[in-house]
Each structure stands twice: as C-alpha cells, then as structure tokens.
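Working notes for the structure below.
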There are 2 protein chains.
Amino acid sequence: MTTAIHMTGKLEPRSAWPAPGENCPIARTFETVGTRSALVILREAFYGATRYEEFVERTGLSEPAVATRLRELSDEGLLEKVPYREPGQRVRSGYRLTEKGGELLPVLVAMMRWGDRWLFPDGARVDLTHTGCGSRVDAVLQCEEGHEVRLDELDLSQAPRRR
Amino acid sequence: MTTAIHMTGKLEPRSAWPAPGENCPIARTFETVGTRSALVILREAFYGATRYEEFVERTGLSEPAVATRLRELSDEGLLEKVPYREPGQRVRSGYRLTEKGGELLPVLVAMMRWGDRWLFPDGARVDLTHTGCGSRVDAVLQCEEGHEVRLDELDLSQAPRRR
DNA sequence: CACCTGGCTTGCGTGCAGTTAGGTCAGCTA
DNA sequence: TAGCTGACCTAACTGCACGCAAGCCAGGTG
C-alpha cells in the first residue's frame with residue numbers, strides 16, 4: 001500500500017477562486033510547451049543541439065513538426081535564432097535557448113527524475129550529476145531561506161492583486 | 001538580449017545514444033501525464049480534491065474527460081481509489097494521490113513557478129510558501145550533497161546498463 | 001551555368017484529446 | 001415503491017498534433 005498524501009494550509013476555499021481555467025500558471029505553461037515535440041526539442045536544446053538538422057535527427061520527429069515547433073518556440077521567446085556560418089557554406093540560422101527557455105530546466109529535470117524512478121524499474125537511463133562533487137542532481141522544493149520543503153509544509157494562497 | 005545557455009559535460013556524443021525515442025524518461029513521463037486534463041486533475045488532487053464531482057467542478061473539464069483520466073491515472077498507479085461514505089449516503093469512491101503520484105509535485109511546482117514568472121507579467125497568481133518560515137517555495141536543482149546546481153555545472157551521462 | 005545541399009513549406013491523411021447531449025445504474029430517502 | 005442523486009458510460013463530432021511524400025529556394029561548388 002502506497003502512502004497517501006494530504007495537502008494542508010490555506011488552500012481550501014478552492015471553488016471561490018477566480019477563473020479556474022485560464023489564470024492557472026500550470027495550465028498556461030502546458031499550453032506553451034505541452035506537446036511531445038516541444039518537450040523533446042527543448043530537451044535536445046539543453047543537450048546542446050542548435051541546428052535544424054540536428055533537432056530532426058536527435059528527436060526522431062518529422063521535419064514539418066520540427067519546423068513548426070522551432071518557429072513557435074522562437075515566436076514565444078524560448079529559443080532565439082542565431083546566425084552561423086560553416087566554412088564554405090552560406091549563412092544559416094541556429095536556435096539557442098533564451099533565458100526564458102533555459103529556466104524550464106527544472107521542469108525537464110523533474111520529469112526526467114520522476115520517469116527514471118517510476119517508469120524504468122531496471123534503473124535510470126541517464127545520470128545527471130553535479131560537476132563539482134559528482135553526486136546526483138534532482139529537482140527539489142526549496143524555500144528562499146534554503147529549507148527543503150515537504151508536501152505537508154506547503155501553504156498555497158492567492159497572491160494579492162496587482163495591476 | 002537574453003542570456004544564451006550552454007550545456008557542458010559528457011553529453012556530447014548524443015547521436016550515439018541508444019534508441020533516442022522510447023528510452024527517454026522525459027518523453028515517457030510526458031506520455032503518462034502529458035495531457036492538459038491529466039495535469040489539471042493532478043493539480044486539484046494536490047489542492048485536496050478527492051471526489052469525482054469535485055474534479056469536474058474545479059477543473060472545468062467535461063465529465064467524460066474526467067472519468068477517462070481518473071481511470072487511467074488510477075490504472076497507472078498515480079491515484080488510488082478510496083471508498084468513503086457521507087452520512088445518509090451510500091459508499092462511493094474517492095481518489096487520492098499515491099506516492100508515485102505525489103512525487104510529481106516538483107514537476108507541477110516547476111511549471112507553476114515558470115508560468116508565474118514568464119506568462120503573467122502583472123505578477124504571480126498564487127503564492128506558494130513554506131509553513132515553517134513563510135518564504136516563497138520554488139523547484140530548484142540540487143545535488144545529493146545539498147549544493148544548488150547551475151546549468152553549467154550539470155553533467156549528463158548514460159547510466160551503466162543493468163538488467 | 002548546372003547541380004547539390006540544407007532548411008524549410010505544402011498537401012493530405014490519421015489518431016486521439018476533448019466537447020455536448022443523452023443515457024444508465026446503484027442505493028438512499030419519502 | 002417511486003423518485004432523486006452522484007458517478008459514471010456511449011455516441012457523434014471537432015480540432016489539433018503528428019506522420020509521409022513531395023516540392024521549393026538560396027547560395028555555394030564544379
């Protein structure tokens with residue numbers, strides 16, 4: 001029997017929240033990167049891919065899918081086009097993560113670690129380690145004071161309205 | 001001009017990796033929870049929803065979508081059915097996060113924080129704080145030694161084959 | 001100048017997520 | 001026993017994320 005989990009705190013009057021649909025940052029994030037193709041393209045961007053042909057080859061996606069997604073991710077500012085030129089070739093454009101795109105790394109790492117733990121019973125497929133000390137890296141919940149935060153130590157509340 | 005990001009380390013011979021498609025834990029995780037409905041249902045499970053009717057109401061999804069997703073998430077072991085009985089009612093079944101489901105919290109939090117930062121320029125919609133000290137909680141990359149890890153301090157390599 | 005090569009675009013078909021509209025069914029209350 | 005209610009299921013449709021096959025175009029090489 002697995003452990004059951006409860007969330008506590010000030011988050012109970014959920015029904016009274018404003019516009020449950022479109023104001024949710026999780027759902028909005030999903031609308032930006034919530035396709036398999038966007039995710040694997042971002043993954044390869046973190047792995048160092050920059051050229052169209054590299055993305056096609058490494059992701060295994062079809063060319064139209066890659067082209068569409070690269071355009072969308074660039075339009076949304078997760079990738080930026082960077083012109084490059086190989087010797088004896090004309091100028092082409094590469095794609096590089098912006099700060100906005102790069103900050104998705106915790107999402108990708110959290111998904112990677114979860115998948116490794118729960119979907120590959122024979123053990124992780126990849127090791128993600130800290131250059132400094134060589135030990136395994138994970139995405140963990142931490143507060144600004146540096147405390148590691150457990151599920152039952154989380155308080156969720158509505159932020160004060162700004163405009 | 002936004003900052004460009006490079007990944008360093010032992011991850012370069014990417015093309016030589018085995019089976020780029022189905023062995024990737026990120027893609028596999030996406031296949032498990034990569035629908036908008038699965039994500040918002042998990043979100044409400046973290047927010048404390050347990051009953052079918054609650055999920056329908058809070059997520060804004062249609063009844064068939066909720067029913068299908070609750071069944072799939074239960075089959076995959078992210079939720080478990082828990083019978084409950086309200087006074088004067090018959091026994092019904094609720095849905096509760098299992099350990100496997102609960103460990104998706106860093107993914108959800110990372111998405112929430114990214115969405116708050118990059119998709120809502122007027123400021124975050126929600127505050128997620130640590131019960132102990134009241135300061136804001138985020139999903140951060142950390143190694144087992146407790147060091148916070150930056151993007152350029154990450155090493156990715158293939159794990160040794162087990163079977 | 002003809003050709004090649006990388007980086008796309010267009011057209012067409014498929015499958016699946018999600019919706020609306022309408023059952024169905026068990027068991028409690030009147 | 002009839003009706004209500006919560007928790008679903010079924011059917012039919014729409015839209016979008018893909019795949020495959022083919023074409024296009026700029027510019028550098030022979």
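Ligands are numbered from 1 in the order shown, residues from 1 within each chain, and chains are lettered A, B, ... in the order they appear in the structure tokens.
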Based on only C-alpha atoms (C1' of nucleotides), which of the residues in chain A come within 10 Å of chain C? I want them as an mmCIF file with N, CA and C atoms, in the first residue's frame.
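Listed below is the output, iface_11.cif:
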```cif
data_model
loop_
_atom_site.group_PDB
_atom_site.id
_atom_site.type_symbol
_atom_site.label_atom_id
_atom_site.label_comp_id
_atom_site.auth_asym_id
_atom_site.auth_seq_id
_atom_site.Cartn_x
_atom_site.Cartn_y
_atom_site.Cartn_z
ATOM 1 N N ARG A 51 21.180 23.230 -34.541
ATOM 2 C CA ARG A 51 20.781 23.305 -35.943
ATOM 3 C C ARG A 51 19.541 22.477 -36.241
ATOM 4 N N TYR A 52 18.757 22.976 -37.175
ATOM 5 C CA TYR A 52 17.536 22.301 -37.627
ATOM 6 C C TYR A 52 17.762 20.809 -37.839
ATOM 7 N N GLU A 53 18.766 20.486 -38.647
ATOM 8 C CA GLU A 53 19.038 19.092 -38.973
ATOM 9 C C GLU A 53 19.358 18.271 -37.723
ATOM 10 N N GLU A 63 10.217 16.340 -40.145
ATOM 11 C CA GLU A 63 10.664 17.692 -40.467
ATOM 12 C C GLU A 63 9.582 18.748 -40.266
ATOM 13 N N PRO A 64 8.360 18.517 -40.747
ATOM 14 C CA PRO A 64 7.338 19.547 -40.533
ATOM 15 C C PRO A 64 7.092 19.839 -39.051
ATOM 16 N N VAL A 66 9.247 19.542 -36.554
ATOM 17 C CA VAL A 66 10.378 20.305 -36.039
ATOM 18 C C VAL A 66 10.304 21.758 -36.500
ATOM 19 N N ALA A 67 10.031 21.947 -37.786
ATOM 20 C CA ALA A 67 9.979 23.311 -38.327
ATOM 21 C C ALA A 67 8.908 24.140 -37.634
ATOM 22 N N THR A 68 7.725 23.556 -37.500
ATOM 23 C CA THR A 68 6.621 24.269 -36.847
ATOM 24 C C THR A 68 6.974 24.626 -35.418
ATOM 25 N N GLN A 89 30.138 27.399 -46.519
ATOM 26 C CA GLN A 89 28.675 27.306 -46.550
ATOM 27 C C GLN A 89 28.088 28.705 -46.444
ATOM 28 N N ARG A 90 26.856 28.833 -46.776
ATOM 29 C CA ARG A 90 26.216 30.135 -46.615
ATOM 30 C C ARG A 90 25.758 30.307 -45.169
ATOM 31 N N ARG A 92 23.459 30.338 -42.146
ATOM 32 C CA ARG A 92 22.221 29.654 -41.772
ATOM 33 C C ARG A 92 21.839 30.094 -40.370
ATOM 34 N N SER A 93 20.646 29.717 -39.952
ATOM 35 C CA SER A 93 20.311 30.129 -38.600
ATOM 36 C C SER A 93 20.190 28.936 -37.675
#
```
| task | Name the residues in contact with Trp118 of chain A at a cut-off of 10 Å, using only C-alpha atoms (C1' of nucleotides), excluding same-chain residues fewer than 3 positions from it; report them as a VMD selection string. | result | (chain A and resid 113 to 115 121 to 124) or (chain B and resid 25 29 77 100 to 101 103)
| task | Kindly give the distance, in Å, that separates atom CA of Glu148 of chain A and atom CA of Arg136 of chain B, rounded to a single decimal. | result |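 If I compute the distance from atom CA of Glu148 of chain A to atom CA of Arg136 of chain B, I get 11.6 Å.
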| request: Would you mind telling me which residue in B:Ala38, B:Thr131, B:Phe55, B:Leu78 lies nearest to chain D when using only C-alpha atoms (C1' of nucleotides)? | output: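 Ranked by minimum distance to chain D, first place goes to B:Phe55.
When atom CA of Leu151 of chain B is paired with atom CA of Arg69 of chain A, their separation reads 23.3 Å.
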Write out as JSON lines a residue-level contact list of chain D versus chain A with cut-off 8 Å: for each qualifying residue the closest pair of atoms and the distance in Å to one decimal, counting only C-alpha atoms (C1' of nucleotides), rows sorted by chain and residue number upward.
```
{"residue": "D:DA17", "atom": "C1'", "partner": "A:Thr35", "partner_atom": "CA", "distance": 7.7}
{"residue": "D:DC18", "atom": "C1'", "partner": "A:Ala65", "partner_atom": "CA", "distance": 7.1}
{"residue": "D:DG19", "atom": "C1'", "partner": "A:Ser62", "partner_atom": "CA", "distance": 6.9}
{"residue": "D:DG27", "atom": "C1'", "partner": "A:Arg90", "partner_atom": "CA", "distance": 6.2}
{"residue": "D:DG28", "atom": "C1'", "partner": "A:Gln89", "partner_atom": "CA", "distance": 6.3}
```
Could you write out the selected residues, including C-alpha atoms (C1' of nucleotides), as a PDB file, in the first residue's frame?
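Okay, out-v8.pdb is ready:
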```
ATOM      1  C1'  DA D  17      -0.573  17.041 -33.237  1.00  0.00           C
ATOM      2  C1'  DC D  18       1.604  14.448 -35.678  1.00  0.00           C
ATOM      3  C1'  DG D  19       3.415  11.362 -39.933  1.00  0.00           C
ATOM      4  C1'  DG D  27      23.640  30.143 -52.291  1.00  0.00           C
ATOM      5  C1'  DG D  28      27.997  27.833 -52.777  1.00  0.00           C
TER       6       DG D  28
END
```
| request: Identify which of the residues B:Glu76, B:Leu42, B:Pro83, B:Thr59 lies closest to chain A, counting only C-alpha atoms when measuring atom-to-atom distances. | output: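 Using only C-alpha atoms, chain A sits closest to B:Thr59.
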